Structure formats: structure tokens, C-alpha cells
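What's in start.tsv: TSV, C-alpha atoms
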chain	number	residue	atom	x	y	z
A	119	SER	CA	26.08	-33.06	-13.32
A	120	ASP	CA	23.32	-35.66	-13.38
A	121	GLU	CA	20.09	-33.82	-12.66
A	122	SER	CA	18.81	-36.70	-10.52
A	123	SER	CA	21.65	-36.09	-8.09
A	124	VAL	CA	19.91	-33.03	-6.69
A	125	PHE	CA	16.91	-35.04	-5.59
A	126	THR	CA	16.78	-36.06	-1.98
A	127	VAL	CA	14.17	-38.25	-0.36
A	128	GLU	CA	12.72	-37.78	3.07
A	129	LYS	CA	10.60	-40.43	4.75
A	130	PRO	CA	7.10	-39.18	3.97
A	131	GLU	CA	4.33	-38.73	6.43
A	132	PRO	CA	1.53	-41.25	5.73
A	133	VAL	CA	-0.49	-38.78	3.66
A	134	ASP	CA	2.29	-37.20	1.62
A	135	GLU	CA	2.20	-39.19	-1.60
A	136	ILE	CA	-1.57	-39.68	-1.46
A	137	ASP	CA	-1.78	-35.89	-1.68
A	138	LYS	CA	0.29	-35.93	-4.85
A	139	VAL	CA	-2.31	-33.88	-6.64
A	140	PHE	CA	-1.91	-31.04	-4.18
A	141	GLY	CA	1.70	-29.87	-4.12
A	142	VAL	CA	5.42	-30.47	-4.40
A	143	LYS	CA	8.12	-31.26	-1.87
A	144	THR	CA	11.36	-29.48	-2.70
A	145	ASP	CA	14.95	-29.23	-1.60
A	146	GLU	CA	16.91	-25.96	-1.44
A	147	SER	CA	17.43	-25.77	-5.22
A	148	ASP	CA	14.81	-25.10	-7.87
A	149	GLU	CA	14.32	-28.83	-8.27
A	150	VAL	CA	11.56	-31.15	-7.14
A	151	LYS	CA	12.01	-34.13	-4.91
A	152	LYS	CA	11.09	-37.27	-6.75
A	153	GLU	CA	9.41	-39.03	-3.85
A	154	PRO	CA	6.93	-37.97	-2.82
A	155	LEU	CA	6.36	-35.57	-5.71
A	156	ILE	CA	3.34	-33.92	-4.17
A	157	LEU	CA	2.57	-32.47	-0.73
A	158	LYS	CA	-0.51	-31.29	1.10
A	159	GLN	CA	0.80	-27.72	0.89
A	160	GLN	CA	-1.20	-26.79	-2.20
A	161	ALA	CA	-4.40	-27.91	-0.52
A	162	GLU	CA	-3.61	-26.10	2.71
A	163	VAL	CA	-2.65	-22.68	1.36
A	164	ALA	CA	-5.42	-20.32	0.25
A	165	ASP	CA	-8.04	-23.08	-0.06
A	166	GLU	CA	-11.61	-22.96	1.22
A	167	LEU	CA	-13.00	-25.90	3.16
A	168	VAL	CA	-16.49	-27.17	2.41
A	169	ASP	CA	-18.96	-26.70	5.26
A	170	GLU	CA	-20.26	-29.92	6.75
A	171	ASP	CA	-23.79	-29.06	5.64
A	172	GLU	CA	-22.54	-28.55	2.07
A	173	SER	CA	-21.06	-32.02	1.60
A	174	VAL	CA	-20.64	-33.17	-1.96
A	175	GLU	CA	-22.63	-36.11	-3.28
A	176	LEU	CA	-20.98	-37.92	-6.14
A	177	VAL	CA	-22.36	-41.23	-7.37
A	178	ASP	CA	-19.79	-43.48	-9.02
A	179	GLU	CA	-21.44	-46.28	-10.95
A	180	ASP	CA	-18.04	-47.94	-11.41
A	181	GLU	CA	-17.55	-48.26	-7.66
A	182	SER	CA	-20.46	-50.64	-6.94
A	183	VAL	CA	-20.11	-53.21	-4.15
A	184	ASP	CA	-18.25	-56.25	-5.45
A	185	GLU	CA	-17.04	-59.60	-4.20
A	186	GLU	CA	-13.63	-58.17	-3.30
A	187	LEU	CA	-15.18	-55.85	-0.73
A	188	ILE	CA	-17.62	-58.39	0.59
A	189	ASN	CA	-14.79	-60.87	1.16
A	190	LEU	CA	-12.32	-58.30	2.49
A	191	VAL	CA	-10.46	-59.70	5.49
A	192	ASP	CA	-11.40	-57.78	8.64
A	193	LYS	CA	-14.16	-55.96	6.76
A	194	GLU	CA	-16.20	-55.79	9.97
A	195	HIS	CA	-13.30	-54.02	11.65
A	196	TYR	CA	-12.94	-51.52	8.82
A	197	ASP	CA	-16.69	-50.93	8.73
A	198	SER	CA	-16.53	-49.97	12.41
A	199	LEU	CA	-13.94	-47.22	11.80
A	200	GLU	CA	-14.77	-43.56	11.39
A	201	THR	CA	-14.28	-42.48	7.79
A	202	ASP	CA	-11.26	-40.33	8.58
A	203	GLU	CA	-9.51	-43.26	10.26
A	204	LEU	CA	-10.47	-45.61	7.42
A	205	ILE	CA	-8.84	-43.26	4.90
A	206	ASN	CA	-5.83	-42.83	7.20
A	207	GLN	CA	-5.36	-46.61	7.18
A	208	ALA	CA	-5.74	-46.77	3.41
A	209	GLU	CA	-3.08	-44.07	3.06
A	210	ALA	CA	-0.77	-45.89	5.48
A	211	LEU	CA	-1.14	-49.09	3.45
A	212	PHE	CA	-0.35	-47.12	0.30
A	213	GLU	CA	2.83	-45.69	1.83
A	214	ASN	CA	3.92	-49.21	2.78
A	215	ASN	CA	3.29	-50.56	-0.73
A	216	GLY	CA	0.09	-52.36	0.25
A	217	PHE	CA	-1.62	-51.09	-2.88
A	218	GLU	CA	-4.23	-53.83	-3.36
A	219	LYS	CA	-5.61	-53.54	0.14
A	220	ALA	CA	-5.32	-49.75	0.06
A	221	ARG	CA	-7.49	-49.81	-3.07
A	222	LEU	CA	-10.18	-51.81	-1.26
A	223	LEU	CA	-10.20	-49.48	1.73
A	224	PHE	CA	-10.47	-46.41	-0.50
A	225	LYS	CA	-13.40	-48.10	-2.26
A	226	LEU	CA	-15.05	-48.76	1.10
A	227	ALA	CA	-14.61	-45.08	2.00
A	228	ILE	CA	-16.11	-43.95	-1.32
A	229	LYS	CA	-19.42	-45.62	-0.44
A	230	ARG	CA	-19.89	-43.65	2.77
A	231	PRO	CA	-22.06	-40.52	3.04
A	232	ASP	CA	-19.06	-38.63	4.48
A	233	ALA	CA	-16.61	-40.07	1.98
A	234	GLN	CA	-14.25	-37.04	1.80
A	235	LEU	CA	-14.40	-37.45	-1.96
A	236	VAL	CA	-11.46	-35.27	-2.98
A	237	ARG	CA	-9.10	-36.99	-0.59
A	238	THR	CA	-10.42	-40.48	-1.34
A	239	TYR	CA	-10.41	-40.17	-5.12
A	240	ALA	CA	-6.91	-38.70	-4.91
A	241	GLY	CA	-5.92	-41.85	-3.04
A	242	LEU	CA	-7.61	-44.11	-5.56
A	243	TYR	CA	-5.97	-42.27	-8.44
A	244	GLN	CA	-2.51	-42.71	-6.94
A	245	THR	CA	-3.19	-46.33	-6.03
A	246	TYR	CA	-4.36	-47.28	-9.52
A	247	LEU	CA	-1.23	-45.65	-10.96
A	248	LYS	CA	0.91	-47.84	-8.69
A	249	LEU	CA	-1.13	-50.88	-9.78
A	250	GLU	CA	-0.56	-49.83	-13.42
A	251	ASP	CA	-4.29	-49.76	-14.11
A	252	GLN	CA	-4.40	-46.74	-16.41
A	253	VAL	CA	-8.13	-46.95	-17.22
A	254	ALA	CA	-9.11	-47.05	-13.55
A	255	ALA	CA	-6.64	-44.24	-12.77
A	256	GLU	CA	-8.21	-42.05	-15.44
A	257	ASN	CA	-11.68	-42.78	-14.09
A	258	ALA	CA	-10.62	-41.92	-10.52
A	259	PHE	CA	-8.97	-38.73	-11.74
A	260	SER	CA	-12.18	-37.73	-13.56
A	261	LYS	CA	-14.16	-38.26	-10.37
A	262	LEU	CA	-11.55	-36.27	-8.47
A	263	LEU	CA	-12.04	-33.37	-10.89
A	264	GLU	CA	-15.81	-33.61	-10.53
A	265	ALA	CA	-15.64	-33.61	-6.73
A	266	ARG	CA	-13.23	-30.67	-6.68
A	267	ILE	CA	-15.40	-28.61	-9.05
A	268	MET	CA	-18.55	-29.40	-7.09
A	269	GLU	CA	-16.87	-28.17	-3.92
A	270	ASN	CA	-15.64	-24.73	-4.90
A	271	LYS	CA	-15.07	-24.44	-8.67
A	272	LYS	CA	-11.31	-24.23	-8.15
A	273	LEU	CA	-9.04	-27.08	-9.09
A	274	ASN	CA	-6.29	-27.75	-6.60
A	275	PHE	CA	-3.77	-28.57	-9.30
A	276	LYS	CA	-0.91	-26.12	-9.37
A	277	PHE	CA	1.51	-26.22	-12.28
A	278	LEU	CA	4.88	-25.02	-11.05
A	279	PHE	CA	7.55	-23.25	-13.10
A	280	SER	CA	11.29	-22.73	-13.15
A	281	ILE	CA	12.67	-19.33	-12.15
A	282	ASN	CA	12.32	-16.58	-14.79
A	283	SER	CA	10.83	-19.11	-17.19
A	284	SER	CA	7.60	-20.27	-18.75
A	285	GLU	CA	8.91	-23.86	-18.60
A	286	PHE	CA	7.75	-26.26	-15.90
A	287	VAL	CA	10.06	-27.21	-13.03
A	288	LYS	CA	12.94	-29.45	-14.09
A	289	ASP	CA	11.65	-32.90	-13.30
A	290	MET	CA	10.62	-35.17	-16.19
A	291	GLU	CA	8.46	-37.34	-13.95
A	292	LEU	CA	6.52	-34.33	-12.76
A	293	ARG	CA	6.29	-32.90	-16.27
A	294	ASN	CA	4.86	-36.20	-17.49
A	295	GLU	CA	2.29	-36.06	-14.73
A	296	TYR	CA	1.41	-32.49	-15.72
A	297	SER	CA	0.79	-33.74	-19.28
A	298	PHE	CA	-1.61	-36.35	-17.94
A	299	TRP	CA	-3.39	-33.81	-15.73
A	300	LEU	CA	-3.76	-31.27	-18.53
A	301	PHE	CA	-5.12	-33.82	-20.98
A	302	GLN	CA	-7.65	-35.12	-18.46
A	303	ILE	CA	-8.70	-31.62	-17.33
A	304	ALA	CA	-9.11	-30.42	-20.93
A	305	ARG	CA	-11.13	-33.49	-21.85
A	306	TYR	CA	-13.35	-33.11	-18.80
A	307	PHE	CA	-13.97	-29.44	-19.57
A	308	ASP	CA	-14.70	-30.28	-23.21
A	309	GLU	CA	-17.15	-33.08	-22.37
A	310	ASN	CA	-18.96	-30.96	-19.78
A	311	SER	CA	-18.93	-27.65	-21.71
A	312	LEU	CA	-17.10	-25.88	-18.89
A	313	CYS	CA	-15.27	-22.58	-19.14
A	314	SER	CA	-12.18	-21.58	-17.21
A	315	SER	CA	-9.79	-18.85	-16.22
A	316	ILE	CA	-6.18	-19.97	-16.45
A	317	VAL	CA	-4.30	-17.81	-13.97
A	318	GLY	CA	-0.53	-17.32	-14.04
A	319	HIS	CA	1.58	-16.11	-11.12
A	320	SER	CA	5.19	-15.09	-10.55
A	321	SER	CA	7.39	-14.35	-7.56
A	322	VAL	CA	8.41	-10.84	-6.54
A	323	THR	CA	12.09	-11.24	-7.39
A	324	GLU	CA	11.75	-12.73	-10.87
A	325	ASP	CA	12.20	-10.66	-14.03
A	326	ALA	CA	11.17	-7.02	-13.73
A	327	ASN	CA	8.29	-7.60	-16.13
A	328	ASN	CA	6.85	-10.39	-14.05
A	329	HIS	CA	3.31	-9.60	-15.16
A	330	GLU	CA	4.26	-10.65	-18.69
A	331	LEU	CA	5.97	-13.73	-17.27
A	332	SER	CA	2.86	-14.74	-15.34
A	333	LEU	CA	0.80	-14.28	-18.50
A	334	GLU	CA	3.23	-16.41	-20.52
A	335	ARG	CA	2.87	-19.20	-17.96
A	336	ALA	CA	-0.91	-19.10	-18.23
A	337	LYS	CA	-0.61	-19.14	-22.03
A	338	LYS	CA	1.65	-22.18	-21.85
A	339	VAL	CA	-0.97	-24.15	-19.92
A	340	GLN	CA	-3.78	-23.01	-22.22
A	341	THR	CA	-1.81	-24.02	-25.32
A	342	LEU	CA	-1.04	-27.47	-23.93
A	343	MET	CA	-4.69	-28.05	-23.04
A	344	ALA	CA	-5.80	-26.91	-26.48
A	345	GLY	CA	-3.39	-29.27	-28.21
A	346	ASN	CA	-5.92	-32.10	-28.02
A	347	PHE	CA	-9.04	-30.05	-27.41
A	348	PRO	CA	-8.90	-26.86	-29.52
A	349	VAL	CA	-12.20	-25.62	-28.04
A	350	ILE	CA	-10.19	-24.69	-24.94
A	351	MET	CA	-8.93	-21.61	-26.79
A	352	GLN	CA	-12.51	-20.30	-26.93
A	353	SER	CA	-13.72	-21.61	-23.55
A	354	SER	CA	-10.82	-20.26	-21.49
A	355	LYS	CA	-9.18	-16.93	-20.84
A	356	ILE	CA	-5.67	-16.32	-19.58
A	357	ILE	CA	-4.90	-13.94	-16.73
A	358	GLY	CA	-1.55	-12.74	-15.42
A	359	LYS	CA	-1.53	-11.94	-11.72
A	360	SER	CA	2.16	-11.11	-11.48
A	361	ALA	CA	3.21	-11.33	-7.80
A	362	SER	CA	-0.03	-9.89	-6.45
A	363	GLU	CA	-1.25	-13.20	-5.00
A	364	ASN	CA	1.93	-14.81	-3.72
A	365	MET	CA	1.37	-17.82	-1.50
A	366	ILE	CA	4.83	-17.74	0.09
A	367	GLY	CA	6.22	-14.29	-0.69
A	368	THR	CA	9.68	-14.77	0.79
A	369	ASP	CA	11.40	-12.97	-2.13
A	370	SER	CA	14.01	-15.71	-2.09
A	371	ASN	CA	13.72	-16.67	-5.78
A	372	ASN	CA	14.55	-20.31	-5.08
A	373	ALA	CA	12.67	-23.44	-3.98
A	374	THR	CA	11.35	-21.64	-0.92
A	375	ASP	CA	8.91	-19.59	-2.99
A	376	LEU	CA	8.31	-22.26	-5.63
A	377	PHE	CA	4.54	-22.06	-5.14
A	378	ASP	CA	4.58	-18.41	-6.17
A	379	ARG	CA	5.67	-19.48	-9.67
A	380	ARG	CA	2.48	-21.31	-10.59
A	381	VAL	CA	-0.57	-21.56	-12.82
A	382	GLU	CA	-4.01	-22.40	-11.48
A	383	ILE	CA	-7.25	-23.25	-13.27
A	384	ILE	CA	-10.59	-21.89	-12.06
A	385	VAL	CA	-14.01	-22.86	-13.41
A	386	VAL	CA	-16.02	-19.79	-14.44
A	387	ASP	CA	-19.46	-19.02	-15.85
A	388	CYS	CA	-19.28	-19.24	-19.65
A	389	SER	CA	-21.27	-16.01	-19.89
A	390	GLN	CA	-18.50	-14.05	-18.22
Is it possible to express this structure as C-alpha cells?
Amino acid sequence: SDESSVFTVEKPEPVDEIDKVFGVKTDESDEVKKEPLILKQQAEVADELVDEDESVELVDEDESVDEELINLVDKEHYDSLETDELINQAEALFENNGFEKARLLFKLAIKRPDAQLVRTYAGLYQTYLKLEDQVAAENAFSKLLEARIMENKKLNFKFLFSINSSEFVKDMELRNEYSFWLFQIARYFDENSLCSSIVGHSSVTEDANNHELSLERAKKVQTLMAGNFPVIMQSSKIIGKSASENMIGTDSNNATDLFDRRVEIIVVDCSQ
């Protein structure tokens, strides 16, 4: 049957698609819902929050004040909002296809001392994709990577796999996005001389040798990153965690424990 027939769409909460970089909404099969592709779940499970006194400062020369912001309708109103509410409104505009105004509100939020950089750059990245501005999307994604690394050295991008397989989940749109992520991550690591651990995971009820499976998944991601940036083979190491760090652990071997079948990338000291 047509693979797209298994996809079902729920009305997303205002933040769902903005958090596309953080997770996947699924149905009861091993497939991925097309809209929104990504959920907050990846950010919420096993992630450390940054203390308020350890806020990240990230200067973006490309996000200087411009005439669009100065002439923004109701700018005084938006300036009066707390940052969290400003980003909430930007996300709501995004969900209702108000991409141009959402872009301006995200840019306003970026300039604030408490900008919530990961969340805001994630929003900008998604918004520029909708506006088909690839260059700006790549720049926002690079800043998102930088903010995430400055926070806790762990990227919140989880690459999810089909059951008993080292192939990504069966959604071409998501696979295409993974290709974009991996290229951008590899390029960023190459340009900044960063080293990484690429960590593969599997669910309890997959193949008996699920340690080897988790290692194969990590190798898959490493190989894809090295396709354009061969230095990745020297600056990264692959680790298989088997099912020892399951995020869900339901032993269901279907979409319920999809996040157990994942690969994560962690920045490490190059001397390690």
C-alpha cells in the first residue's frame, strides 16, 4: 500500500513544529507522522537545563537591527512582552502560516539578553525553511548548533531508526532533513575543529545482538557525516550502547519505543 497512507495528522500544539529539531511524532506503526515531523519529546527526555546564571551569550552579526524590525507593526506591544511570551507568539504565528511576521518576532527575541537561543534559533530555522530561504536557514541552523554546544556539549538531534535495522525511519521527508542536519553538523565540526562521540542505541526487544545493531547505527551516521568531510573519521569515535540507556523502555518494539532506536552526537575533548 502507499506508504503515505499510514501517516495521520493531529492538530499540533503551538510549539510542536517549531521544535522540529527535537523529536518525532508517531502513530502506532513504525512510521513517522509527516506534520509535525518533530516534537518536544527529544528535548524533554534526559536533557539538562541550563541554570539561569549560566545563560548562553551568542552574538549574531547577521541579526542586526534593520528597517523591518523598526517598522514592525505593534513593535511597542511586542517590546513590552516577556521573552517567553514573545517566542510563544512567534510560534503561534508560525503554526498559523504567518511566517514573515513570525520571522520578525524571532529576530526581536534573538536580540534580548534572555533570548532562549536554542528555542529561538530553532524557530528561525524552521521559519526560513518555510520561506524557502535556504541560506538564512543554514545560518540559523549553524547558530542553533553553536547555542546547543555552548549549553551542554550535547546536540539534541536524535536520528531515529527502523526496527532491527541500521536504516533511518521510513519517511523520505525526515530522511532528507537528516541529510541536511548531518551535512551541517559535519561542516560545523570541521570548521571548528571539534571532536565527537557518535552514540548508537537499540531497544530491548530488537535483535539478540542489539549491541552490534547499536554500533552499526552509530557507524551509519559517522559514514554519512564523513561523506563530505572525511576528517570526521579521525575526529569522531563510534559507541554502541545497546539498550542500556533506553529513553522509553516499554519493550514494545514498535512506535512506542521509537526513541530507543536512535543515534546521538556528543561533543568531546579531542584529547580523549
Open item on the list: Quick check, in Å to one decimal: how far apart do atom CA of A:Lys219 and atom CA of A:Asp232 lie?
Closed with: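 Distance between the two atoms: 20.5 Å.
Of note, atom CA of A:Val253 and atom CA of A:Leu292 are spaced 19.8 Å apart.
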Task: Within 9 Å of file point (-2.1, -49.6, -7.8), counting only C-alpha atoms, expressed as a ChimeraX atom specification - done: /A:212,215-218,220-221,242-251,255
Keeping only C-alpha atoms, write those residues as a CSV table (one decimal), in the coordinates of the input.
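The new file result26.csv reads:
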chain,number,residue,atom,x,y,z
A,212,PHE,CA,-0.4,-47.1,0.3
A,215,ASN,CA,3.3,-50.6,-0.7
A,216,GLY,CA,0.1,-52.4,0.2
A,217,PHE,CA,-1.6,-51.1,-2.9
A,218,GLU,CA,-4.2,-53.8,-3.4
A,220,ALA,CA,-5.3,-49.8,0.1
A,221,ARG,CA,-7.5,-49.8,-3.1
A,242,LEU,CA,-7.6,-44.1,-5.6
A,243,TYR,CA,-6.0,-42.3,-8.4
A,244,GLN,CA,-2.5,-42.7,-6.9
A,245,THR,CA,-3.2,-46.3,-6.0
A,246,TYR,CA,-4.4,-47.3,-9.5
A,247,LEU,CA,-1.2,-45.6,-11.0
A,248,LYS,CA,0.9,-47.8,-8.7
A,249,LEU,CA,-1.1,-50.9,-9.8
A,250,GLU,CA,-0.6,-49.8,-13.4
A,251,ASP,CA,-4.3,-49.8,-14.1
A,255,ALA,CA,-6.6,-44.2,-12.8
Task: Between atom CA of A:Leu312 and atom CA of A:Arg335 - distance in Å to one decimal - done: 21.1 Å
Task: Minimum-distance residue to A:Ala240, chosen among A:Glu269, A:Gly345, A:Ile205, A:Thr323 (using all atoms listed in the file) - done: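 Once distances to A:Ala240 are computed over all atoms listed in the file, the minimum belongs to A:Ile205.
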- [ ] Have a look at A:Ser198, A:Thr341, A:Ser260, A:Gln207 and name the one nearest to A:Arg305; count only C-alpha atoms.
- [x]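 Of A:Ser198, A:Thr341, A:Ser260, A:Gln207, the one nearest A:Arg305, counting only C-alpha atoms, is A:Ser260.
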Open item on the list: If we count only C-alpha atoms and set the cut-off at 9 Å, which residues sit around A:Asp387, ignoring sequence neighbours fewer than 2 positions away in its own chain? Please answer as number ranges by chain.
Closed with: A: 312-314, 385, 389-390
Task: A:Asp202 environment, 9 Å, all atoms listed in the file, sequence neighbours closer than 6 positions dropped, as a ChimeraX atom specification - done: /A:227,232-234
Store the residues of this selection in a file with C-alpha atoms, as a short mmCIF file (atom, residue, chain, number, x, y, z; two decimals), keeping the file's coordinate frame.
data_model
loop_
_atom_site.label_atom_id
_atom_site.label_comp_id
_atom_site.auth_asym_id
_atom_site.auth_seq_id
_atom_site.Cartn_x
_atom_site.Cartn_y
_atom_site.Cartn_z
CA ALA A 227 -14.61 -45.08 2.00
CA ASP A 232 -19.06 -38.63 4.48
CA ALA A 233 -16.61 -40.07 1.98
CA GLN A 234 -14.25 -37.04 1.80
#
Residue contacts of stretch 380-384 of chain A (9 Å, all atoms listed in the file) excluding same-chain residues fewer than 2 positions away, as a PDB file with C-alpha atoms, in the frame of the given file:
ATOM      1  CA  ILE A 267     -15.400 -28.610  -9.050  1.00  0.00           C
ATOM      2  CA  LYS A 271     -15.070 -24.440  -8.670  1.00  0.00           C
ATOM      3  CA  LYS A 272     -11.310 -24.230  -8.150  1.00  0.00           C
ATOM      4  CA  LEU A 273      -9.040 -27.080  -9.090  1.00  0.00           C
ATOM      5  CA  ASN A 274      -6.290 -27.750  -6.600  1.00  0.00           C
ATOM      6  CA  PHE A 275      -3.770 -28.570  -9.300  1.00  0.00           C
ATOM      7  CA  LYS A 276      -0.910 -26.120  -9.370  1.00  0.00           C
ATOM      8  CA  PHE A 277       1.510 -26.220 -12.280  1.00  0.00           C
ATOM      9  CA  LEU A 278       4.880 -25.020 -11.050  1.00  0.00           C
ATOM     10  CA  PHE A 279       7.550 -23.250 -13.100  1.00  0.00           C
ATOM     11  CA  PHE A 286       7.750 -26.260 -15.900  1.00  0.00           C
ATOM     12  CA  CYS A 313     -15.270 -22.580 -19.140  1.00  0.00           C
ATOM     13  CA  SER A 314     -12.180 -21.580 -17.210  1.00  0.00           C
ATOM     14  CA  SER A 315      -9.790 -18.850 -16.220  1.00  0.00           C
ATOM     15  CA  ILE A 316      -6.180 -19.970 -16.450  1.00  0.00           C
ATOM     16  CA  VAL A 317      -4.300 -17.810 -13.970  1.00  0.00           C
ATOM     17  CA  GLY A 318      -0.530 -17.320 -14.040  1.00  0.00           C
ATOM     18  CA  HIS A 319       1.580 -16.110 -11.120  1.00  0.00           C
ATOM     19  CA  SER A 320       5.190 -15.090 -10.550  1.00  0.00           C
ATOM     20  CA  SER A 332       2.860 -14.740 -15.340  1.00  0.00           C
ATOM     21  CA  ARG A 335       2.870 -19.200 -17.960  1.00  0.00           C
ATOM     22  CA  ALA A 336      -0.910 -19.100 -18.230  1.00  0.00           C
ATOM     23  CA  VAL A 339      -0.970 -24.150 -19.920  1.00  0.00           C
ATOM     24  CA  LEU A 376       8.310 -22.260  -5.630  1.00  0.00           C
ATOM     25  CA  PHE A 377       4.540 -22.060  -5.140  1.00  0.00           C
ATOM     26  CA  ASP A 378       4.580 -18.410  -6.170  1.00  0.00           C
ATOM     27  CA  VAL A 386     -16.020 -19.790 -14.440  1.00  0.00           C
TER      28      VAL A 386
END
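Proximity ranking of A:Thr201, A:Gln352, A:Ile228, A:Met343 relative to A:Leu187 places A:Ile228 first, based on only C-alpha atoms.
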Open item on the list: Just want the 12 Å neighbourhood of A:Arg293, counted on all atoms listed in the file, with same-chain residues fewer than 3 positions away dropped. Output as a ChimeraX atom specification.
Closed with: /A:150,152,155,277-280,285-290,296-300,339,342
